[in-house]
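Enquirer: Following this message is one structure expressed as structure tokens.
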Amino acid sequence: MNLKTHKHTATVIIGLIFIGGCNHGGNISEKTTSQGIPANVSSVRFGPMSTYSEFSATSVFLFKASIKSSVTGYVDNIHINPGDAVEKKQLLFELRTKEATALMNDSLNNLKFNGIVDVRAATAGLILSIEHPKGDYVGEGDQLCQIAIPGSFAFILDVPYEQSGLIKLNTKCEIILSDSKVIEGVIRSHLPFLTSSSQTERFIVRPVKPENLPENLFGKIRIVKESVIDALSLPKSCILTDETMQSYWVMKLINDTTAVKVIVTTGISEKGFVRIVRPVFKNTDLFLSSGNYGLGDTAYVKILKTPGHEQ
């Protein structure tokens, strides 16, 4: 009888210990939950948003003047250097005719005929190249130099044929140079042929303001692909998605400590922000921007930082 009583007493004690342990664990869990998940929040932003397409481009002078020799003879003097800016009718070369050179070497010649012919610029511009050095023999019609017409400076834009529908004539664009400088440009015209190797169409882009830039400079042309005047957007960190990236949602605060899952339809993105097409939120709404990953449809949170205020 005593043995049975001892066994019964031991069972009761073990049961009480087990129940006490369960109650203690439940208190810890409840305490942890009551603290909330640490999270930061962000508000919506209203304003213009755009997405862009970028294509390669190369600078050129569309018009160049070719200065040619009017006589057969020798280059007696050169008054220019490559890169010089010249004015119309400025003296470029002095040529000595072949006959005058022959007479100069004749000791019996008493004539004072020097046979010097001046070659002047037909137009103002920049000297691109000089084809003959001093003393060189040139024939009539040989090219002496090339003058680039500054007003004809442009970029040749190469666009894959399947994307040429994005290009609209007389629209503005941005020209991004290799040093990251950005200048404003306008798409002026379309060249009516394809490059056979790359199957690209070519367009002429003119800088809005005159630029002192060299030929054969590589750059990129940035063109607006889509634009929204007054878009409602959220930081990318607020947007959550599934593995297939077919469904998107945000965790929206409904009070100081509770966030709920809201399915959203997204649009274009720009500079770390994503447009929210649907639903329409108010500018006072707040959304979790951190601590929002892996939460259920409803979550108890503790806000660490609100927009414009840091702890």
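In the structure tokens, the first chain shown is A, the next is B, and so on; residue numbers restart at 1 for each chain, and ligands run from 1 in the order shown.
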Could you name the residues that touch segment 188-203 of chain A at 8 Å or less, counting only C-alpha atoms, but leaving out those on the same chain fewer than 3 positions away, as a short mmCIF file (atom, residue, chain, number, x, y, z; two decimals) with C-alpha atoms, in the first residue's frame?

Expert:
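Okay, out_4.cif is ready:
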data_model
loop_
_atom_site.label_atom_id
_atom_site.label_comp_id
_atom_site.auth_asym_id
_atom_site.auth_seq_id
_atom_site.Cartn_x
_atom_site.Cartn_y
_atom_site.Cartn_z
CA ILE A 156 25.90 58.63 -84.99
CA LEU A 157 23.48 56.53 -82.95
CA ASP A 158 23.41 52.76 -83.63
CA VAL A 159 20.12 51.03 -82.77
CA PRO A 160 19.30 47.32 -83.30
CA TYR A 161 16.65 47.01 -85.97
CA SER A 164 14.28 51.14 -83.78
CA LEU A 169 12.72 62.05 -84.56
CA ASN A 170 13.01 65.57 -83.10
CA THR A 171 12.82 64.29 -79.51
CA ARG A 206 22.90 66.74 -82.51
#

Enquirer: Produce a table with one row for each residue of segment 183-299 of chain A that has an atom at most 12 Å from any atom of segment 131-153 of chain A, each row naming the nearest atom pair and its distance in Å at one decimal; use only C-alpha atoms; arrange rows by chain and rising residue number; format as JSON lines.

Expert:
{"residue": "A:Gly185", "atom": "CA", "partner": "A:Phe153", "partner_atom": "CA", "distance": 11.6}
{"residue": "A:Ile204", "atom": "CA", "partner": "A:Phe153", "partner_atom": "CA", "distance": 9.9}
{"residue": "A:Val205", "atom": "CA", "partner": "A:Phe153", "partner_atom": "CA", "distance": 9.3}
{"residue": "A:Arg206", "atom": "CA", "partner": "A:Phe153", "partner_atom": "CA", "distance": 7.1}
{"residue": "A:Pro207", "atom": "CA", "partner": "A:Phe153", "partner_atom": "CA", "distance": 8.1}
{"residue": "A:Val208", "atom": "CA", "partner": "A:Phe153", "partner_atom": "CA", "distance": 10.9}
{"residue": "A:Lys209", "atom": "CA", "partner": "A:Gly151", "partner_atom": "CA", "distance": 10.3}
{"residue": "A:Pro210", "atom": "CA", "partner": "A:Gly151", "partner_atom": "CA", "distance": 7.7}
{"residue": "A:Glu211", "atom": "CA", "partner": "A:Phe153", "partner_atom": "CA", "distance": 8.3}
{"residue": "A:Asn212", "atom": "CA", "partner": "A:Pro150", "partner_atom": "CA", "distance": 8.5}
{"residue": "A:Leu213", "atom": "CA", "partner": "A:Phe153", "partner_atom": "CA", "distance": 8.4}
{"residue": "A:Pro214", "atom": "CA", "partner": "A:Phe153", "partner_atom": "CA", "distance": 8.9}
{"residue": "A:Glu215", "atom": "CA", "partner": "A:Phe153", "partner_atom": "CA", "distance": 8.1}
{"residue": "A:Asn216", "atom": "CA", "partner": "A:Phe153", "partner_atom": "CA", "distance": 10.8}
{"residue": "A:Leu217", "atom": "CA", "partner": "A:Phe153", "partner_atom": "CA", "distance": 11.3}

Enquirer: Just list as a PyMOL selection string whatever in segment 101-279 of chain A DSSP marks as alpha helix (DSSP H).

Expert: chain A and resi 101-104

Enquirer: Using DSSP assignments from the backbone, pull out every residue in segment 38-196 of chain A that falls under strand (DSSP E) and give it to me as a ChimeraX atom specification.

Expert: /A:38-43,45-61,64-68,73-78,85-86,91-97,116-120,125-130,137-138,143-148,153-160,172-177,182-194

Enquirer: Between atom CA of Ala100 of chain A and atom CA of Lys68 of chain A, what is the spacing in Å?

Expert: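 According to the coordinates, atom CA of Lys68 of chain A and atom CA of Ala100 of chain A are separated by 19.4 Å.
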
Enquirer: Find the distance between atom CA of Ser53 of chain A and atom CA of Thr265 of chain A and write it in Å to one decimal.

Expert: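 If I compute the distance from atom CA of Ser53 of chain A to atom CA of Thr265 of chain A, I get 22.7 Å.
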
Enquirer: Write out as a list in words which residues come within 9 Å of segment 223-229 of chain A when counting only C-alpha atoms, dropping same-chain ones fewer than 4 positions away.

Expert: Gly47, Pro48, Met49, Ser50, Thr51, Tyr52, Ser53, Glu54, Phe55, Leu166, Ile167, Thr171, Lys172, Cys173, Glu174 and Ile268 of chain A

Enquirer: Create the file for the chosen residues now, containing N, CA and C atoms and written as a compact mmCIF listing (two decimals), in the first residue's frame.

Expert:
# COMPACT_ATOMS: atom_id res chain seq x y z
N GLY A 47 5.73 61.77 -57.61
CA GLY A 47 6.56 62.58 -58.50
C GLY A 47 6.77 61.90 -59.83
N PRO A 48 7.45 62.56 -60.76
CA PRO A 48 7.69 61.98 -62.08
C PRO A 48 8.66 60.81 -62.02
N MET A 49 8.42 59.81 -62.85
CA MET A 49 9.32 58.65 -62.96
C MET A 49 9.49 58.31 -64.44
N SER A 50 10.69 57.86 -64.78
CA SER A 50 10.98 57.48 -66.17
C SER A 50 11.90 56.29 -66.20
N THR A 51 11.79 55.50 -67.26
CA THR A 51 12.76 54.45 -67.55
C THR A 51 13.44 54.77 -68.88
N TYR A 52 14.66 54.31 -69.04
CA TYR A 52 15.46 54.71 -70.19
C TYR A 52 16.03 53.50 -70.93
N SER A 53 16.30 53.71 -72.20
CA SER A 53 17.09 52.78 -73.01
C SER A 53 18.37 53.48 -73.40
N GLU A 54 19.48 52.74 -73.43
CA GLU A 54 20.77 53.31 -73.78
C GLU A 54 21.35 52.58 -75.00
N PHE A 55 21.89 53.36 -75.94
CA PHE A 55 22.47 52.81 -77.16
C PHE A 55 23.84 53.47 -77.40
N LEU A 166 11.65 52.51 -80.88
CA LEU A 166 11.76 53.37 -79.70
C LEU A 166 12.24 54.77 -80.04
N ILE A 167 12.82 54.93 -81.23
CA ILE A 167 13.44 56.20 -81.60
C ILE A 167 12.43 57.08 -82.34
N THR A 171 13.03 64.40 -80.96
CA THR A 171 12.82 64.29 -79.51
C THR A 171 14.16 64.45 -78.80
N LYS A 172 14.08 64.93 -77.56
CA LYS A 172 15.30 65.17 -76.79
C LYS A 172 15.83 63.86 -76.20
N CYS A 173 17.12 63.86 -75.94
CA CYS A 173 17.78 62.70 -75.34
C CYS A 173 18.99 63.20 -74.56
N GLU A 174 19.65 62.30 -73.88
CA GLU A 174 20.87 62.63 -73.14
C GLU A 174 22.06 61.93 -73.80
N ILE A 268 7.09 50.78 -63.39
CA ILE A 268 8.48 51.06 -63.70
C ILE A 268 9.28 51.34 -62.42

Enquirer: Extract, using only C-alpha atoms, all DNA, RNA and protein residues at most 12 Å from Ala259 of chain A, discarding same-chain residues fewer than 4 positions from it, and format them as an NGL selection string.

Expert: :A and (36-41 or 250-255 or 285-289 or 291-292 or 295-303)

Enquirer: Suppose you want the space between atom CA of Thr258 of chain A and atom CA of Gly294 of chain A; what is it in Å?

Expert: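 Atom-to-atom, atom CA of Thr258 of chain A and atom CA of Gly294 of chain A are spaced 15.1 Å apart.
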
Enquirer: Give me the residues near Lys282 of chain A as a PDB file with N, CA and C atoms, in the first residue's frame, where near means some atom within 10 Å (using only C-alpha atoms) and where sequence neighbours in that chain fewer than 6 positions away do not count.

Expert:
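As a result, result.pdb now contains:
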ATOM      1  N   SER A  43       7.647  55.887 -46.211  1.00  0.00           N
ATOM      2  CA  SER A  43       6.384  56.406 -46.732  1.00  0.00           C
ATOM      3  C   SER A  43       6.424  56.425 -48.251  1.00  0.00           C
ATOM      4  N   VAL A  44       5.280  56.694 -48.859  1.00  0.00           N
ATOM      5  CA  VAL A  44       5.207  56.731 -50.323  1.00  0.00           C
ATOM      6  C   VAL A  44       5.816  58.035 -50.837  1.00  0.00           C
ATOM      7  N   ARG A  45       6.154  58.012 -52.101  1.00  0.00           N
ATOM      8  CA  ARG A  45       6.690  59.199 -52.766  1.00  0.00           C
ATOM      9  C   ARG A  45       5.851  59.480 -54.005  1.00  0.00           C
ATOM     10  N   LEU A 232       3.115  57.237 -57.982  1.00  0.00           N
ATOM     11  CA  LEU A 232       3.200  56.865 -56.575  1.00  0.00           C
ATOM     12  C   LEU A 232       4.214  55.729 -56.487  1.00  0.00           C
TER      13      LEU A 232
END
